[in-house]
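See below for query_37.pdb, which holds PDB, C-alpha atoms.
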MODEL        1
ATOM      1  CA  MET X   1      13.383 -21.448   8.253
ATOM      2  CA  GLU X   2      13.448 -18.746  10.902
ATOM      3  CA  ARG X   3      14.244 -16.137   8.269
ATOM      4  CA  GLY X   4      11.101 -17.128   6.337
ATOM      5  CA  ALA X   5       8.985 -16.978   9.490
ATOM      6  CA  SER X   6      10.380 -13.549  10.305
ATOM      7  CA  ARG X   7       9.588 -12.324   6.790
ATOM      8  CA  LEU X   8       6.069 -13.746   7.030
ATOM      9  CA  ARG X   9       5.527 -11.947  10.367
ATOM     10  CA  ARG X  10       6.663  -8.653   8.807
ATOM     11  CA  VAL X  11       4.303  -9.070   5.836
ATOM     12  CA  VAL X  12       1.375  -9.998   8.110
ATOM     13  CA  HIS X  13       2.143  -6.953  10.291
ATOM     14  CA  GLU X  14       2.304  -4.745   7.187
ATOM     15  CA  VAL X  15      -0.992  -6.125   5.833
ATOM     16  CA  ALA X  16      -2.635  -5.499   9.223
ATOM     17  CA  LYS X  17      -1.436  -1.884   9.323
ATOM     18  CA  PHE X  18      -2.377  -1.363   5.662
ATOM     19  CA  GLY X  19      -5.801  -2.844   6.452
ATOM     20  CA  ALA X  20      -6.296  -0.556   9.468
ATOM     21  CA  VAL X  21      -5.554   2.567   7.438
ATOM     22  CA  GLY X  22      -7.411   1.203   4.427
ATOM     23  CA  GLY X  23     -10.445   0.266   6.526
ATOM     24  CA  ALA X  24     -10.604   3.764   7.961
ATOM     25  CA  GLY X  25     -10.150   5.100   4.419
ATOM     26  CA  VAL X  26     -13.082   2.977   3.211
ATOM     27  CA  LEU X  27     -15.259   4.456   5.949
ATOM     28  CA  VAL X  28     -14.167   7.984   4.997
ATOM     29  CA  ASN X  29     -14.824   7.180   1.336
ATOM     30  CA  LEU X  30     -18.309   5.775   1.939
ATOM     31  CA  LEU X  31     -19.285   8.512   4.423
ATOM     32  CA  VAL X  32     -18.210  11.307   2.083
ATOM     33  CA  PHE X  33     -19.858   9.526  -0.870
ATOM     34  CA  ASN X  34     -23.201   9.237   0.899
ATOM     35  CA  LEU X  35     -22.969  12.754   2.329
ATOM     36  CA  VAL X  36     -22.341  14.231  -1.124
ATOM     37  CA  ARG X  37     -25.065  12.064  -2.694
ATOM     38  CA  HIS X  38     -27.657  13.151  -0.129
ATOM     39  CA  THR X  39     -26.757  16.834   0.115
ATOM     40  CA  THR X  40     -26.086  17.675  -3.540
ATOM     41  CA  ASP X  41     -27.524  16.950  -6.958
ATOM     42  CA  LEU X  42     -24.253  15.553  -8.311
ATOM     43  CA  GLN X  43     -24.406  12.405 -10.376
ATOM     44  CA  VAL X  44     -23.356   9.202  -8.619
ATOM     45  CA  VAL X  45     -19.918   8.811 -10.222
ATOM     46  CA  ARG X  46     -19.003  12.463  -9.660
ATOM     47  CA  ALA X  47     -19.939  12.152  -6.000
ATOM     48  CA  SER X  48     -17.867   8.987  -5.856
ATOM     49  CA  VAL X  49     -14.813  10.664  -7.397
ATOM     50  CA  ILE X  50     -14.988  13.430  -4.765
ATOM     51  CA  ALA X  51     -15.215  10.825  -2.008
ATOM     52  CA  THR X  52     -12.312   8.862  -3.478
ATOM     53  CA  VAL X  53     -10.099  11.962  -3.602
ATOM     54  CA  VAL X  54     -10.860  12.742   0.053
ATOM     55  CA  ALA X  55     -10.040   9.130   0.961
ATOM     56  CA  ILE X  56      -6.774   9.279  -1.041
ATOM     57  CA  VAL X  57      -5.599  12.262   1.015
ATOM     58  CA  PHE X  58      -6.646  10.541   4.245
ATOM     59  CA  ASN X  59      -4.891   7.328   3.221
ATOM     60  CA  TYR X  60      -1.643   9.032   2.234
ATOM     61  CA  VAL X  61      -1.309  10.534   5.697
ATOM     62  CA  GLY X  62      -2.109   7.168   7.310
ATOM     63  CA  PHE X  63       0.240   5.192   5.094
ATOM     64  CA  ARG X  64       3.150   7.611   5.355
ATOM     65  CA  TYR X  65       2.967   8.198   9.105
ATOM     66  CA  PHE X  66       1.623   4.834  10.319
ATOM     67  CA  THR X  67       1.839   1.878   7.929
ATOM     68  CA  TYR X  68       5.081   2.782   6.159
ATOM     69  CA  ARG X  69       6.673   5.173   8.645
ATOM     70  CA  ASP X  70       9.843   3.049   8.691
ATOM     71  CA  ARG X  71      10.285   3.172   4.920
ATOM     72  CA  ASP X  72      12.629   5.351   2.901
ATOM     73  CA  LYS X  73      11.739   9.047   3.272
ATOM     74  CA  SER X  74      14.602  10.484   1.248
ATOM     75  CA  ARG X  75      12.687  11.005  -1.986
ATOM     76  CA  ARG X  76       9.333  12.491  -0.997
ATOM     77  CA  THR X  77       8.658  14.109  -4.389
ATOM     78  CA  ARG X  78       9.063  10.754  -6.130
ATOM     79  CA  GLU X  79       6.966   9.066  -3.433
ATOM     80  CA  MET X  80       4.148  11.604  -3.748
ATOM     81  CA  THR X  81       4.203  11.482  -7.555
ATOM     82  CA  LEU X  82       3.980   7.681  -7.604
ATOM     83  CA  PHE X  83       1.354   7.658  -4.858
ATOM     84  CA  LEU X  84      -0.831  10.052  -6.850
ATOM     85  CA  LEU X  85      -0.271   8.101 -10.077
ATOM     86  CA  PHE X  86      -1.222   4.742  -8.545
ATOM     87  CA  SER X  87      -4.073   6.355  -6.594
ATOM     88  CA  ALA X  88      -5.430   7.799  -9.846
ATOM     89  CA  ILE X  89      -5.334   4.332 -11.423
ATOM     90  CA  GLY X  90      -7.119   2.981  -8.338
ATOM     91  CA  LEU X  91      -9.671   5.812  -8.658
ATOM     92  CA  VAL X  92     -10.389   4.742 -12.250
ATOM     93  CA  ILE X  93     -10.727   1.081 -11.223
ATOM     94  CA  GLU X  94     -12.973   1.903  -8.257
ATOM     95  CA  ASN X  95     -15.225   4.302 -10.094
ATOM     96  CA  GLY X  96     -15.180   2.267 -13.307
ATOM     97  CA  VAL X  97     -16.979  -0.521 -11.453
ATOM     98  CA  LEU X  98     -19.574   1.966 -10.173
ATOM     99  CA  TYR X  99     -19.911   3.554 -13.623
ATOM    100  CA  ALA X 100     -20.461   0.157 -15.303
ATOM    101  CA  ALA X 101     -23.074  -0.864 -12.733
ATOM    102  CA  THR X 102     -24.904   2.462 -12.837
ATOM    103  CA  TYR X 103     -24.817   3.354 -16.522
ATOM    104  CA  GLY X 104     -24.150  -0.038 -18.100
ATOM    105  CA  PHE X 105     -26.650  -2.104 -16.128
ATOM    106  CA  GLY X 106     -28.961   0.600 -14.748
ATOM    107  CA  TRP X 107     -28.343  -0.364 -11.120
ATOM    108  CA  ASP X 108     -28.846   3.047  -9.563
ATOM    109  CA  THR X 109     -30.589   2.701  -6.210
ATOM    110  CA  PRO X 110     -28.741   3.990  -3.129
ATOM    111  CA  LEU X 111     -28.141   0.403  -1.970
ATOM    112  CA  GLN X 112     -26.816  -0.652  -5.377
ATOM    113  CA  ASN X 113     -24.612   2.442  -5.524
ATOM    114  CA  ASN X 114     -23.059   1.543  -2.174
ATOM    115  CA  VAL X 115     -22.614  -2.128  -3.045
ATOM    116  CA  PHE X 116     -20.811  -1.353  -6.290
ATOM    117  CA  LYS X 117     -18.850   1.487  -4.714
ATOM    118  CA  PHE X 118     -17.672  -0.988  -2.060
ATOM    119  CA  LEU X 119     -16.887  -3.666  -4.682
ATOM    120  CA  GLY X 120     -14.880  -1.119  -6.687
ATOM    121  CA  ILE X 121     -12.968  -0.104  -3.563
ATOM    122  CA  GLY X 122     -12.134  -3.771  -2.906
ATOM    123  CA  ILE X 123     -10.800  -4.411  -6.405
ATOM    124  CA  ALA X 124      -8.827  -1.155  -6.411
ATOM    125  CA  THR X 125      -7.402  -1.962  -2.959
ATOM    126  CA  LEU X 126      -5.696  -5.089  -4.272
ATOM    127  CA  PHE X 127      -3.980  -2.983  -6.941
ATOM    128  CA  ARG X 128      -3.114  -0.236  -4.462
ATOM    129  CA  PHE X 129      -1.571  -2.600  -1.907
ATOM    130  CA  TRP X 130       0.703  -4.119  -4.532
ATOM    131  CA  SER X 131       1.682  -0.802  -6.113
ATOM    132  CA  TYR X 132       2.197   1.156  -2.882
ATOM    133  CA  ARG X 133       4.420  -1.468  -1.265
ATOM    134  CA  SER X 134       6.316  -2.205  -4.502
ATOM    135  CA  TRP X 135       6.843   1.280  -5.880
ATOM    136  CA  VAL X 136       5.779   4.073  -3.527
ATOM    137  CA  PHE X 137       6.804   3.213   0.025
ATOM    138  CA  ARG X 138       9.946   1.273  -0.774
ATOM    139  CA  ALA X 139      11.728  -0.641   1.940
ATOM    140  CA  LEU X 140      15.111   0.548   3.037
ATOM    141  CA  PRO X 141      17.895  -1.847   2.043
ATOM    142  CA  ALA X 142      18.362  -4.580   4.618
ATOM    143  CA  ARG X 143      21.346  -4.150   6.851
ATOM    144  CA  GLU X 144      23.762  -7.002   6.488
ATOM    145  CA  PRO X 145      25.373  -8.171   9.692
ATOM    146  CA  ALA X 146      29.012  -7.240  10.008
ATOM    147  CA  PRO X 147      31.259 -10.191   9.239
ATOM    148  CA  ALA X 148      32.886 -11.753  12.278
ATOM    149  CA  PRO X 149      36.612 -11.070  12.484
ATOM    150  CA  ARG X 150      38.727 -14.003  11.427
ATOM    151  CA  THR X 151      41.102 -15.253  14.034
ATOM    152  CA  GLU X 152      43.925 -17.718  13.609
ATOM    153  CA  PRO X 153      43.802 -20.628  15.976
ATOM    154  CA  THR X 154      46.637 -20.255  18.497
ATOM    155  CA  ASP X 155      46.438 -23.555  20.264
ATOM    156  CA  LEU X 156      47.189 -25.716  17.235
ATOM    157  CA  PRO X 157      50.806 -26.639  16.570
ATOM    158  CA  LYS X 158      52.290 -25.142  13.438
ATOM    159  CA  THR X 159      53.460 -27.652  10.908
ATOM    160  CA  ARG X 160      56.629 -27.319   8.916
ATOM    161  CA  GLN X 161      56.505 -27.482   5.258
ATOM    162  CA  GLN X 162      58.585 -30.282   3.968
ATOM    163  CA  VAL X 163      61.136 -29.376   1.365
ATOM    164  CA  PRO X 164      61.755 -32.116  -1.221
TER     165      PRO X 164
ENDMDL
END
Translate the structure described by the file into structure tokens.
Amino acid sequence: MERGASRLRRVVHEVAKFGAVGGAGVLVNLLVFNLVRHTTDLQVVRASVIATVVAIVFNYVGFRYFTYRDRDKSRRTREMTLFLLFSAIGLVIENGVLYAATYGFGWDTPLQNNVFKFLGIGIATLFRFWSYRSWVFRALPAREPAPAPRTEPTDLPKTRQQVP
């Protein structure tokens, strides 16, 4: 039972750290999105893709050096490749929601853009959490406790084997 409680505490702690970095990443994403939308003539989804890329870079640094700093660091090239792959899939999910709302349903006011951008981020975050923890920032193998040395009891009398 205690082992399960310990595992639950670790997962809750991980989710909290992932949420802290992710929450900051959402703010970066939305700030950059709105900054690009209001200072350029880029279309909504292009502005969103730029914001998502900036947030991906921000999140990688936060995940690697805060959330998953205790995870395996021996294969950084593999880690970075998988992070970029899963981030790209998340980018498509996130911006696919915005694209469908904007061009499929015609919901293109600044408020609607932000609502669907935020909804897309939420859906993509579920995928990212699963993929990052499962494939990118892999846990180091658990250390097994060393077996206790076996000792022969010395205070018990030795019995003779009976010969038939």
Residue contacts of X:Asn59 (8 Å, all atoms listed in the file) excluding same-chain residues fewer than 5 positions away, as a PyMOL selection string
chain X and resi 21-22+25
I need the residues from that last selection saved to file as a PDB file, in the coordinates of the input (with C-alpha atoms), if you can.
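File part27.pdb, as written:
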ATOM      1  CA  VAL X  21      -5.554   2.567   7.438  1.00  0.00           C
ATOM      2  CA  GLY X  22      -7.411   1.203   4.427  1.00  0.00           C
ATOM      3  CA  GLY X  25     -10.150   5.100   4.419  1.00  0.00           C
TER       4      GLY X  25
END
Which residue out of X:Ser6, X:Phe18, X:Gln43, X:Val97 has the minimum interatomic distance to X:Tyr68 when all atoms listed in the file are used?
X:Phe18
What is the distance, in Å and to one decimal place, between atom CA of X:Thr102 and atom CA of X:Val44?
8.1 Å
What's around X:Gly90 at 8 Å? Count all atoms listed in the file, leave out sequence neighbours fewer than 5 positions away in its own chain, and write the answer as an MDAnalysis selection string.
chainID X and resid 124:125 127:128
Residues near X:Arg71, anyone? I mean within 7 Å using all atoms listed in the file, not counting same-chain ones fewer than 3 positions away, as a PyMOL selection string.
chain X and resi 68+137-140
Leaving out X:Asn34 and any residue of its chain fewer than 5 positions from it, which residues lie within 9 Å of it when counting only C-alpha atoms, given as a ChimeraX atom specification?
/X:29,39,47-48,51,110,114
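Compared by their closest atoms to X:Val136, and using only C-alpha atoms, the residues X:Trp107, X:Phe83, X:Ile121, X:Phe116 rank with X:Phe83 nearest.
Minimum atom-to-atom distances from X:Gly96, X:Leu35, X:Asp72, X:Phe66 to X:Lys17 were compared using all atoms listed in the file, and the lowest value belongs to X:Phe66.
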Between atom CA of X:Gly120 and atom CA of X:Val54, measure the distance and give it in Å to one decimal.
15.9 Å
Could you check how far atom CA of X:Ser74 sits from atom CA of X:Phe86, in Å to one decimal?
19.5 Å
For this file, the PyMOL selection byres ((chain X and resi 87) around 12) selects which residues, as a PyMOL selection string?
chain X and resi 49+52-60+79-86+88-95+121+124-132+136
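The nearest approach to X:His13 among the residues X:Val32, X:Thr67, X:Val26, X:Thr109, with all atoms listed in the file taken into account, belongs to X:Thr67.
The nearest approach to X:Ala16 among the residues X:Phe33, X:Phe63, X:Trp135, X:Tyr99, with only C-alpha atoms taken into account, belongs to X:Phe63.
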Return as JSON the box centre and box size in Å, one decimal, for an axis-aligned box around all listed atoms of stretch 60-65 of chain X padded by 3 Å per side.
{"center_x": 0.5, "center_y": 7.9, "center_z": 5.7, "size_x": 11.3, "size_y": 11.3, "size_z": 12.9}
